[in-house]
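File shown: protein26.csv (CSV, C-alpha atoms).
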chain,number,residue,atom,x,y,z
A,1,ASN,CA,100.0,124.3,161.9
A,2,PRO,CA,100.0,120.9,160.2
A,3,LYS,CA,97.8,121.9,157.2
A,4,PRO,CA,100.7,123.0,154.9
A,5,THR,CA,102.5,119.7,155.6
A,6,LEU,CA,99.3,117.7,154.7
A,7,LEU,CA,98.8,119.7,151.6
A,8,LEU,CA,102.4,119.2,150.6
A,9,ASN,CA,102.1,115.4,151.0
A,10,GLU,CA,98.9,115.4,148.9
A,11,LEU,CA,100.8,117.3,146.2
A,12,ILE,CA,103.7,114.9,146.3
A,13,ASN,CA,101.4,111.9,146.2
A,14,SER,CA,99.5,113.4,143.3
A,15,TYR,CA,102.7,114.0,141.4
A,16,ASN,CA,104.0,110.4,142.1
A,17,GLN,CA,100.7,109.0,140.8
A,18,ASN,CA,100.9,110.9,137.5
A,19,LYS,CA,104.6,110.2,137.1
A,20,MET,CA,105.3,107.3,134.7
A,21,ASN,CA,108.7,105.5,135.2
A,22,ILE,CA,109.8,103.5,132.2
A,23,TYR,CA,112.4,100.7,132.2
A,24,PHE,CA,113.9,100.9,128.7
A,25,SER,CA,115.4,97.4,128.7
A,26,THR,CA,117.0,97.2,125.3
A,27,TYR,CA,120.5,98.3,126.2
A,28,LYS,CA,120.9,95.9,129.1
A,29,ALA,CA,119.8,93.1,126.8
A,30,ILE,CA,122.6,94.1,124.3
A,31,LYS,CA,125.1,94.1,127.2
A,32,GLU,CA,124.0,90.6,128.1
A,33,ILE,CA,124.7,89.5,124.5
A,34,GLU,CA,128.1,91.2,124.6
A,35,ARG,CA,129.1,89.3,127.8
A,36,TYR,CA,127.9,86.0,126.6
A,37,PHE,CA,129.7,86.1,123.3
A,38,ALA,CA,132.6,88.1,124.5
A,39,PHE,CA,132.1,90.6,121.8
A,40,GLN,CA,134.2,93.7,122.2
A,41,SER,CA,131.3,95.9,121.1
A,42,ILE,CA,128.0,95.8,119.4
A,43,ASP,CA,127.4,99.1,117.5
A,44,VAL,CA,123.6,99.5,117.4
A,45,HIS,CA,124.0,102.5,115.1
A,46,ARG,CA,125.0,100.1,112.3
A,47,THR,CA,121.5,99.2,111.3
A,48,GLY,CA,118.5,101.4,110.7
A,49,TRP,CA,116.5,99.8,113.5
A,50,GLY,CA,119.4,100.3,115.9
A,51,TYR,CA,119.6,103.9,115.0
A,52,HIS,CA,115.8,104.2,115.5
A,53,ILE,CA,116.1,102.7,118.9
A,54,ASP,CA,118.7,105.3,119.9
A,55,THR,CA,116.6,108.1,118.6
A,56,LEU,CA,113.6,106.8,120.6
A,57,TYR,CA,115.6,106.5,123.8
A,58,HIS,CA,116.9,110.1,123.5
A,59,ALA,CA,113.5,111.4,122.6
A,60,ILE,CA,112.0,109.9,125.8
A,61,LYS,CA,114.9,111.2,127.9
A,62,THR,CA,114.7,114.7,126.4
A,63,TYR,CA,111.0,115.3,125.9
A,64,GLY,CA,109.4,112.6,128.1
A,65,PRO,CA,109.3,114.7,131.3
A,66,THR,CA,106.9,117.0,129.5
A,67,TYR,CA,104.4,114.1,129.7
A,68,ASP,CA,105.6,112.9,133.1
A,69,MET,CA,107.6,110.1,131.4
A,70,TYR,CA,110.9,109.2,133.0
A,71,LEU,CA,113.5,106.6,132.3
A,72,VAL,CA,114.7,104.4,135.1
A,73,ASP,CA,117.5,101.8,135.3
A,74,SER,CA,115.6,98.8,136.7
A,75,ALA,CA,112.3,97.0,136.6
A,76,GLU,CA,111.9,97.5,140.4
A,77,ASP,CA,111.8,101.2,140.0
A,78,ALA,CA,109.5,101.2,136.9
A,79,ASP,CA,105.8,101.3,136.2
A,80,ILE,CA,106.3,99.6,132.8
A,81,GLU,CA,109.0,97.8,130.8
A,82,PHE,CA,109.6,99.0,127.3
A,83,CYS,CA,111.8,97.0,124.9
A,84,PRO,CA,112.3,98.3,121.3
A,85,ALA,CA,114.4,95.5,119.7
A,86,THR,CA,114.2,92.4,117.6
A,87,PRO,CA,112.9,89.4,119.6
A,88,GLN,CA,116.1,87.4,119.4
A,89,CYS,CA,117.8,90.1,121.5
A,90,LYS,CA,115.4,89.8,124.5
A,91,MET,CA,113.0,87.0,124.8
A,92,LEU,CA,111.1,87.5,128.1
A,93,PRO,CA,110.1,90.6,130.1
A,94,ASN,CA,111.5,91.4,133.5
A,95,MET,CA,108.2,92.7,134.8
A,96,THR,CA,104.6,93.4,134.1
A,97,PRO,CA,103.3,95.7,132.7
A,98,ASN,CA,105.4,95.4,129.7
A,99,CYS,CA,105.5,96.4,126.0
A,100,TYR,CA,107.6,95.2,123.0
A,101,TYR,CA,108.2,97.5,120.0
A,102,THR,CA,109.5,95.8,116.8
A,103,MET,CA,108.9,95.3,113.1
A,104,SER,CA,109.4,92.9,110.2
A,105,GLU,CA,110.1,93.3,106.4
A,106,THR,CA,107.9,90.4,105.3
A,107,THR,CA,104.4,89.3,106.0
A,108,GLY,CA,105.7,86.4,108.1
A,109,LEU,CA,107.5,86.0,111.4
A,110,PRO,CA,109.8,83.3,112.6
A,111,LYS,CA,108.3,80.9,115.1
A,112,LEU,CA,110.9,82.2,117.6
A,113,TRP,CA,109.5,85.7,117.3
A,114,VAL,CA,105.9,84.6,117.6
A,115,ASP,CA,106.7,82.6,120.8
A,116,CYS,CA,108.6,85.6,122.2
A,117,LEU,CA,106.2,88.3,121.5
A,118,ASN,CA,103.2,86.3,122.8
A,119,THR,CA,104.7,86.4,126.3
A,120,TRP,CA,104.5,90.2,126.4
A,121,ASN,CA,101.5,92.3,127.4
A,122,LEU,CA,101.5,94.4,124.2
A,123,CYS,CA,103.3,94.6,120.9
A,124,LEU,CA,103.7,97.9,119.1
A,125,ASN,CA,104.6,98.3,115.4
A,126,PRO,CA,105.8,101.4,113.5
A,127,SER,CA,103.7,100.9,110.4
A,128,GLN,CA,100.0,100.1,109.8
A,129,TRP,CA,101.1,97.5,107.3
A,130,GLY,CA,103.2,95.8,109.9
A,131,THR,CA,100.5,96.0,112.5
A,132,ASP,CA,98.0,94.2,110.2
A,133,CYS,CA,100.6,91.5,109.6
A,134,PHE,CA,101.4,91.0,113.3
A,135,GLN,CA,97.7,90.9,114.2
A,136,LYS,CA,97.2,87.9,112.0
A,137,LEU,CA,100.2,86.1,113.5
A,138,LEU,CA,100.2,86.9,117.2
A,139,SER,CA,97.8,86.2,120.0
A,140,VAL,CA,99.1,89.2,122.0
A,141,PRO,CA,97.4,92.6,121.4
A,142,THR,CA,99.2,94.5,118.7
A,143,GLU,CA,98.8,98.2,118.0
A,144,TRP,CA,100.2,100.8,115.5
A,145,ILE,CA,102.3,103.4,117.2
A,146,GLY,CA,104.1,105.0,114.3
A,147,PHE,CA,107.7,106.0,113.7
A,148,ILE,CA,109.9,108.7,115.4
A,149,HIS,CA,112.8,110.6,114.0
A,150,ASP,CA,115.0,113.5,115.0
A,151,VAL,CA,113.6,115.6,112.2
A,152,GLU,CA,115.7,118.7,113.1
A,153,LYS,CA,118.9,116.8,112.1
A,154,TYR,CA,117.7,116.6,108.5
A,155,PRO,CA,116.7,120.1,107.3
A,156,TYR,CA,115.1,120.7,103.9
A,157,ILE,CA,117.8,121.4,101.3
A,158,GLU,CA,117.3,123.5,98.1
A,159,ARG,CA,118.9,121.7,95.1
A,160,ASN,CA,120.2,123.0,91.8
A,161,ILE,CA,118.2,121.3,89.0
A,162,ASN,CA,120.1,122.8,86.0
A,163,GLY,CA,123.3,120.7,86.2
A,164,ASP,CA,123.9,117.0,86.7
A,165,TRP,CA,121.0,115.0,88.0
A,166,TYR,CA,121.9,112.7,90.9
A,167,TYR,CA,120.3,109.5,92.1
A,168,LEU,CA,121.2,107.9,95.5
A,169,ALA,CA,120.7,104.3,96.5
A,170,MET,CA,121.7,103.0,100.0
A,171,GLY,CA,121.9,99.6,101.7
A,172,LEU,CA,124.1,97.1,103.5
A,173,GLY,CA,125.2,95.2,100.3
A,174,PHE,CA,124.6,94.7,96.6
A,175,THR,CA,122.4,91.6,96.8
A,176,ASP,CA,120.3,92.0,99.9
A,177,ARG,CA,116.7,93.0,100.0
A,178,LYS,CA,117.4,96.7,99.1
A,179,ASN,CA,118.0,95.5,95.5
A,180,LEU,CA,121.0,97.8,94.8
A,181,ASN,CA,122.1,95.5,92.0
A,182,MET,CA,118.8,96.2,90.3
A,183,VAL,CA,119.4,99.9,90.5
A,184,MET,CA,122.9,99.7,89.2
A,185,GLU,CA,122.0,97.4,86.3
A,186,CYS,CA,119.0,99.6,85.5
A,187,PHE,CA,121.4,102.6,85.3
A,188,MET,CA,124.2,100.8,83.6
A,189,TYR,CA,122.3,99.1,80.8
A,190,ASN,CA,119.7,101.6,79.8
A,191,GLN,CA,121.9,104.4,78.4
A,192,PHE,CA,121.0,107.2,80.8
A,193,PRO,CA,122.1,110.7,79.6
A,194,SER,CA,125.6,111.7,80.4
A,195,ASP,CA,124.5,114.3,83.0
A,196,ALA,CA,122.7,111.6,85.0
A,197,LYS,CA,124.8,110.2,87.9
A,198,LEU,CA,124.2,107.4,90.4
A,199,THR,CA,125.8,107.2,93.9
A,200,VAL,CA,125.6,103.9,95.8
A,201,LYS,CA,126.3,104.0,99.5
A,202,LEU,CA,127.2,100.7,101.3
A,203,THR,CA,128.5,99.4,104.5
A,204,PRO,CA,132.2,98.4,104.7
A,205,ARG,CA,131.4,94.7,104.7
A,206,ALA,CA,129.8,94.9,101.2
A,207,GLY,CA,131.7,93.2,98.4
A,208,GLU,CA,132.9,95.1,95.3
A,209,PRO,CA,130.8,94.8,92.1
A,210,ASN,CA,133.6,94.5,89.5
A,211,GLN,CA,131.2,94.9,86.6
A,212,PHE,CA,130.3,98.5,87.7
A,213,THR,CA,133.6,99.9,88.9
A,214,ASN,CA,134.7,101.4,85.6
A,215,ASN,CA,131.5,103.3,84.9
A,216,GLU,CA,132.2,107.0,85.3
A,217,SER,CA,128.6,107.8,86.0
A,218,ILE,CA,128.4,105.4,89.1
A,219,ALA,CA,130.1,106.3,92.3
A,220,ILE,CA,130.3,103.6,95.1
A,221,LEU,CA,130.9,104.7,98.7
A,222,TYR,CA,131.6,102.5,101.6
A,223,GLY,CA,131.5,103.3,105.3
A,224,HIS,CA,129.4,104.6,108.2
A,225,LEU,CA,128.7,108.3,108.0
A,226,PRO,CA,127.9,110.8,110.8
A,227,VAL,CA,124.8,112.9,110.3
A,228,GLU,CA,126.6,115.9,108.9
A,229,ASN,CA,128.3,113.7,106.2
A,230,LEU,CA,125.1,111.9,105.5
A,231,ASN,CA,123.3,115.2,105.0
A,232,ALA,CA,126.0,116.2,102.6
A,233,LEU,CA,125.3,113.0,100.6
A,234,TYR,CA,121.6,113.6,100.6
A,235,ALA,CA,122.2,117.2,99.6
A,236,MET,CA,124.1,116.3,96.5
A,237,SER,CA,121.4,113.8,95.4
A,238,HIS,CA,118.0,114.7,93.9
A,239,VAL,CA,116.4,111.3,94.0
A,240,SER,CA,116.3,108.5,96.6
A,241,VAL,CA,115.9,105.1,94.9
A,242,ASN,CA,114.5,102.3,96.9
A,243,PRO,CA,113.4,99.1,95.0
A,244,SER,CA,113.3,97.2,98.3
A,245,ARG,CA,111.8,93.7,98.8
A,246,GLY,CA,110.2,95.0,102.0
A,247,GLU,CA,110.7,97.5,104.8
A,248,GLY,CA,109.4,97.5,108.3
A,249,VAL,CA,110.1,101.3,108.7
A,250,GLY,CA,111.9,102.9,105.8
A,251,LEU,CA,114.6,105.0,107.5
A,252,ILE,CA,116.4,105.8,104.3
A,253,VAL,CA,113.2,107.1,102.7
A,254,ALA,CA,112.4,109.2,105.8
A,255,GLU,CA,115.8,110.8,106.0
A,256,GLY,CA,116.2,111.6,102.3
A,257,GLY,CA,112.6,112.8,102.1
A,258,LEU,CA,113.1,115.1,105.1
A,259,THR,CA,115.9,116.8,103.1
A,260,GLY,CA,113.7,117.1,100.0
A,261,GLN,CA,114.8,114.2,98.0
A,262,ILE,CA,112.2,112.6,95.6
A,263,PRO,CA,111.5,109.1,97.0
A,264,ILE,CA,111.1,106.3,94.5
A,265,VAL,CA,109.8,103.3,96.5
A,266,SER,CA,108.5,99.8,96.1
A,267,ASN,CA,104.7,99.6,96.3
A,268,PHE,CA,104.8,97.3,99.3
A,269,SER,CA,105.2,97.1,103.1
A,270,ALA,CA,105.7,100.2,105.2
A,271,LEU,CA,106.9,102.0,102.1
A,272,THR,CA,103.3,102.4,101.0
A,273,GLU,CA,102.7,104.7,104.0
A,274,PHE,CA,105.1,107.5,102.8
A,275,GLU,CA,103.3,110.3,101.0
A,276,HIS,CA,104.6,112.1,97.9
A,277,THR,CA,106.5,109.2,96.5
A,278,LEU,CA,106.8,107.5,93.0
A,279,LYS,CA,105.8,103.9,93.3
A,280,ILE,CA,107.6,100.9,91.7
A,281,SER,CA,105.2,98.2,90.6
A,282,GLY,CA,106.0,94.5,91.0
A,283,ASP,CA,104.7,91.2,92.4
A,284,VAL,CA,104.1,90.0,95.9
A,285,VAL,CA,106.0,86.7,96.1
A,286,GLU,CA,107.1,84.1,98.6
A,287,SER,CA,110.0,85.5,100.6
A,288,PRO,CA,113.4,83.9,99.9
A,289,TYR,CA,114.3,84.6,103.5
A,290,ILE,CA,113.5,81.2,104.9
A,291,ILE,CA,113.8,82.0,108.6
A,292,GLN,CA,111.5,85.0,108.3
A,293,GLY,CA,108.9,83.4,106.0
A,294,GLY,CA,105.8,85.0,104.6
A,295,ASN,CA,105.7,87.1,101.4
A,296,ASP,CA,107.7,90.0,100.2
A,297,PHE,CA,108.1,92.0,97.0
A,298,GLU,CA,109.8,91.5,93.6
A,299,PRO,CA,110.1,95.0,92.1
A,300,ASN,CA,109.7,95.4,88.3
A,301,SER,CA,112.9,96.8,86.8
A,302,GLU,CA,111.0,98.5,83.9
A,303,SER,CA,108.8,100.3,86.4
A,304,LEU,CA,111.9,101.4,88.3
A,305,LEU,CA,113.5,102.7,85.1
A,306,LYS,CA,110.3,104.5,84.2
A,307,GLN,CA,110.2,106.4,87.5
A,308,MET,CA,113.9,107.2,87.4
A,309,ILE,CA,113.6,108.7,83.9
A,310,TRP,CA,110.4,110.6,84.9
A,311,THR,CA,112.3,112.5,87.6
A,312,TYR,CA,115.1,113.4,85.1
A,313,GLU,CA,112.7,114.7,82.5
A,314,ASN,CA,110.3,116.5,84.9
A,315,ARG,CA,112.8,118.1,87.3
A,316,GLU,CA,110.6,121.0,88.6
A,317,LYS,CA,107.6,118.7,89.3
A,318,ALA,CA,109.9,116.1,90.9
A,319,MET,CA,111.5,118.7,93.2
A,320,GLU,CA,108.1,120.0,94.2
A,321,MET,CA,107.3,116.4,95.2
A,322,GLY,CA,110.4,116.4,97.3
A,323,ARG,CA,109.4,119.6,99.0
A,324,LEU,CA,106.0,118.2,99.9
A,325,ALA,CA,107.6,115.0,101.2
A,326,SER,CA,109.8,117.0,103.5
A,327,GLU,CA,106.8,118.9,104.9
A,328,SER,CA,104.8,115.7,105.3
A,329,TYR,CA,107.5,113.7,107.0
A,330,ARG,CA,108.4,116.5,109.4
A,331,LYS,CA,104.9,116.2,110.8
A,332,GLN,CA,104.6,112.4,110.4
A,333,PHE,CA,107.8,111.6,112.4
A,334,ASN,CA,107.7,114.4,114.9
A,335,PRO,CA,109.0,113.2,118.3
A,336,ILE,CA,106.3,115.1,120.3
A,337,SER,CA,103.4,113.5,118.4
A,338,PHE,CA,104.9,110.0,118.9
A,339,LEU,CA,105.5,110.5,122.6
A,340,GLU,CA,101.9,111.6,123.0
A,341,ARG,CA,100.7,108.4,121.5
A,342,LEU,CA,103.2,106.3,123.5
A,343,HIS,CA,102.1,107.9,126.8
A,344,SER,CA,98.4,107.1,126.0
A,345,VAL,CA,99.3,103.5,125.2
A,346,PHE,CA,101.4,103.0,128.3
A,347,GLU,CA,98.6,104.5,130.5
A,348,GLN,CA,96.2,101.8,129.3
A,349,VAL,CA,98.7,98.9,129.8
A,350,ILE,CA,99.6,100.1,133.3
A,351,LYS,CA,95.9,100.5,134.1
A,352,HIS,CA,95.0,96.9,133.2
A,353,LYS,CA,98.2,95.1,134.3
A,354,GLN,CA,99.3,94.8,137.9
A,355,LYS,CA,103.0,95.3,138.5
A,356,LYS,CA,105.0,92.1,139.1
A,357,ILE,CA,108.7,91.4,138.9
A,358,LEU,CA,109.3,88.3,136.9
A,359,GLU,CA,112.1,85.7,137.0
A,360,VAL,CA,113.8,85.3,133.6
A,361,PRO,CA,116.5,82.8,132.5
A,362,THR,CA,120.1,83.6,131.7
A,363,PRO,CA,120.8,84.2,128.9
A,364,ASN,CA,117.5,85.8,128.0
A,365,PHE,CA,118.1,85.8,124.2
A,366,SER,CA,118.1,83.3,121.4
A,367,GLU,CA,121.6,81.9,121.0
A,368,GLU,CA,120.6,80.2,117.7
A,369,SER,CA,119.4,83.4,116.1
A,370,MET,CA,122.5,85.3,117.2
A,371,ILE,CA,124.7,82.5,115.7
A,372,LEU,CA,122.7,82.6,112.4
A,373,GLY,CA,122.9,86.4,112.4
Please go through the file and, once you have read it, give me the structure as structure tokens.
Amino acid sequence: NPKPTLLLNELINSYNQNKMNIYFSTYKAIKEIERYFAFQSIDVHRTGWGYHIDTLYHAIKTYGPTYDMYLVDSAEDADIEFCPATPQCKMLPNMTPNCYYTMSETTGLPKLWVDCLNTWNLCLNPSQWGTDCFQKLLSVPTEWIGFIHDVEKYPYIERNINGDWYYLAMGLGFTDRKNLNMVMECFMYNQFPSDAKLTVKLTPRAGEPNQFTNNESIAILYGHLPVENLNALYAMSHVSVNPSRGEGVGLIVAEGGLTGQIPIVSNFSALTEFEHTLKISGDVVESPYIIQGGNDFEPNSESLLKQMIWTYENREKAMEMGRLASESYRKQFNPISFLERLHSVFEQVIKHKQKKILEVPTPNFSEESMILG
């Protein structure tokens, strides 16, 4: 009786039609860069965006099958190419349909980025602020998709408010857009009480600020921390201090807020989209980052000081703000909600773009941008 076989074939065809195969092309692009420059390794965990890309990859791999989303190793096997990266890492897609996912910390974009992103079918951005900026600069459709985080790795932590009061500031260096020098100067020169402490976490390549090294209330840490050590650092700190010139995502705010830290943030860029924060006022100014262009933010040091002092003097209210931030961010950055949105977006792109394998040059990245760093 052939009917069961026909029915089985119909079920298989139906399954294959609903199945969405995704070519996540970021890591092959990084391998190409490694080969070209003969780098021994490129550690994508060393930046917030690199860490976010890893989190996104593992979320699709782990939870994607629930939504019939599967990762494949080549464009030939895929229904859509997905590249979360910065445009200098991968310029042109290997196939249509395709989608780029990226962000910027200023209102501008380098011409290189504009030219690159305009060759893709769709550009996704993690913040509404970034989406609005991109829509003014790009001809390709640009949509908000949000931000994903492994929220279970950063549990809420109850903190003691009766002893020393700890602030935490994090960044790559002292003088980059995170404005850690401003935090340290604010703390150093405004006579904080003796039970107020500041911890500054930096990468190993950051220089040493000699003017602060003898201050017993300031601890400076260098290095890359695994999640368990990072959580210990968050746990010992009550307040996350972020007077940034601009953020495309705000990973430090997200992680600290998930654990219950009180976030103090610049009133600019993607940072404005975090709930339950204390805002630092300032001025929108022409960005000093020439390659990036556009505008960014100059935080006001007096406003920063005011917010830091408020948390010290209003500890119970501040910690309640941290608790609410943790609840909010746990919902806002939930992987399942993100993947539901991503699946819907991919469906629309696949529906309107016919599959085609494209020829791309080698190398398929910007040598100039890599050299400039």
Could you make a table, as CSV, of the residues of stretch 86-161 of chain A that have an atom within 12 Å of an atom of stretch 272-292 of chain A, each with its nearest atom pair and distance in Å to one decimal, counting only C-alpha atoms, in chain and number order?
residue,atom,partner,partner_atom,distance
A:Met103,CA,A:Gln292,CA,11.7
A:Ser104,CA,A:Gln292,CA,8.4
A:Glu105,CA,A:Gln292,CA,8.6
A:Thr106,CA,A:Ser287,CA,7.1
A:Thr107,CA,A:Gln292,CA,8.6
A:Gly108,CA,A:Gln292,CA,6.0
A:Leu109,CA,A:Gln292,CA,5.2
A:Pro110,CA,A:Gln292,CA,4.9
A:Lys111,CA,A:Gln292,CA,8.6
A:Leu112,CA,A:Ile291,CA,9.5
A:Trp113,CA,A:Gln292,CA,9.2
A:Val114,CA,A:Gln292,CA,10.9
A:Pro126,CA,A:Glu273,CA,10.5
A:Ser127,CA,A:Glu273,CA,7.5
A:Gln128,CA,A:Glu273,CA,7.9
A:Trp129,CA,A:Glu273,CA,8.1
A:Gly130,CA,A:Glu273,CA,10.7
A:Gly146,CA,A:Glu273,CA,10.4
A:Phe147,CA,A:Glu273,CA,11.0
Dump as an mmCIF file, keeping the file's coordinate frame, selection limited to C-alpha atoms:
data_model
loop_
_atom_site.group_PDB
_atom_site.id
_atom_site.type_symbol
_atom_site.label_atom_id
_atom_site.label_comp_id
_atom_site.auth_asym_id
_atom_site.auth_seq_id
_atom_site.Cartn_x
_atom_site.Cartn_y
_atom_site.Cartn_z
ATOM 1 C CA MET A 103 108.900 95.300 113.100
ATOM 2 C CA SER A 104 109.400 92.900 110.200
ATOM 3 C CA GLU A 105 110.100 93.300 106.400
ATOM 4 C CA THR A 106 107.900 90.400 105.300
ATOM 5 C CA THR A 107 104.400 89.300 106.000
ATOM 6 C CA GLY A 108 105.700 86.400 108.100
ATOM 7 C CA LEU A 109 107.500 86.000 111.400
ATOM 8 C CA PRO A 110 109.800 83.300 112.600
ATOM 9 C CA LYS A 111 108.300 80.900 115.100
ATOM 10 C CA LEU A 112 110.900 82.200 117.600
ATOM 11 C CA TRP A 113 109.500 85.700 117.300
ATOM 12 C CA VAL A 114 105.900 84.600 117.600
ATOM 13 C CA PRO A 126 105.800 101.400 113.500
ATOM 14 C CA SER A 127 103.700 100.900 110.400
ATOM 15 C CA GLN A 128 100.000 100.100 109.800
ATOM 16 C CA TRP A 129 101.100 97.500 107.300
ATOM 17 C CA GLY A 130 103.200 95.800 109.900
ATOM 18 C CA GLY A 146 104.100 105.000 114.300
ATOM 19 C CA PHE A 147 107.700 106.000 113.700
#
Which residue of A:Asp68, A:Glu327, A:Asp195, A:Asp176 approaches A:Ser344 most closely, using all atoms listed in the file: A:Asp68
Atomic separation - atom CA of A:Asn242 relative to atom CA of A:Met170, Å: 7.9 Å
Interatomic distance, atom CA of A:Gln88 to atom CA of A:Ala29 (Å, one decimal): 10.0 Å
Residues within 9 Å of A:Pro335, please, as a PDB file with C-alpha atoms, keeping the file's coordinate frame. Count only C-alpha atoms; anything in the same chain fewer than 4 positions from it doesn't count.
ATOM      1  CA  LEU A  56     113.600 106.800 120.600  1.00  0.00           C
ATOM      2  CA  ALA A  59     113.500 111.400 122.600  1.00  0.00           C
ATOM      3  CA  ILE A  60     112.000 109.900 125.800  1.00  0.00           C
ATOM      4  CA  TYR A  63     111.000 115.300 125.900  1.00  0.00           C
ATOM      5  CA  PHE A 147     107.700 106.000 113.700  1.00  0.00           C
ATOM      6  CA  ILE A 148     109.900 108.700 115.400  1.00  0.00           C
ATOM      7  CA  HIS A 149     112.800 110.600 114.000  1.00  0.00           C
ATOM      8  CA  ASP A 150     115.000 113.500 115.000  1.00  0.00           C
ATOM      9  CA  VAL A 151     113.600 115.600 112.200  1.00  0.00           C
ATOM     10  CA  LEU A 339     105.500 110.500 122.600  1.00  0.00           C
ATOM     11  CA  GLU A 340     101.900 111.600 123.000  1.00  0.00           C
TER      12      GLU A 340
END
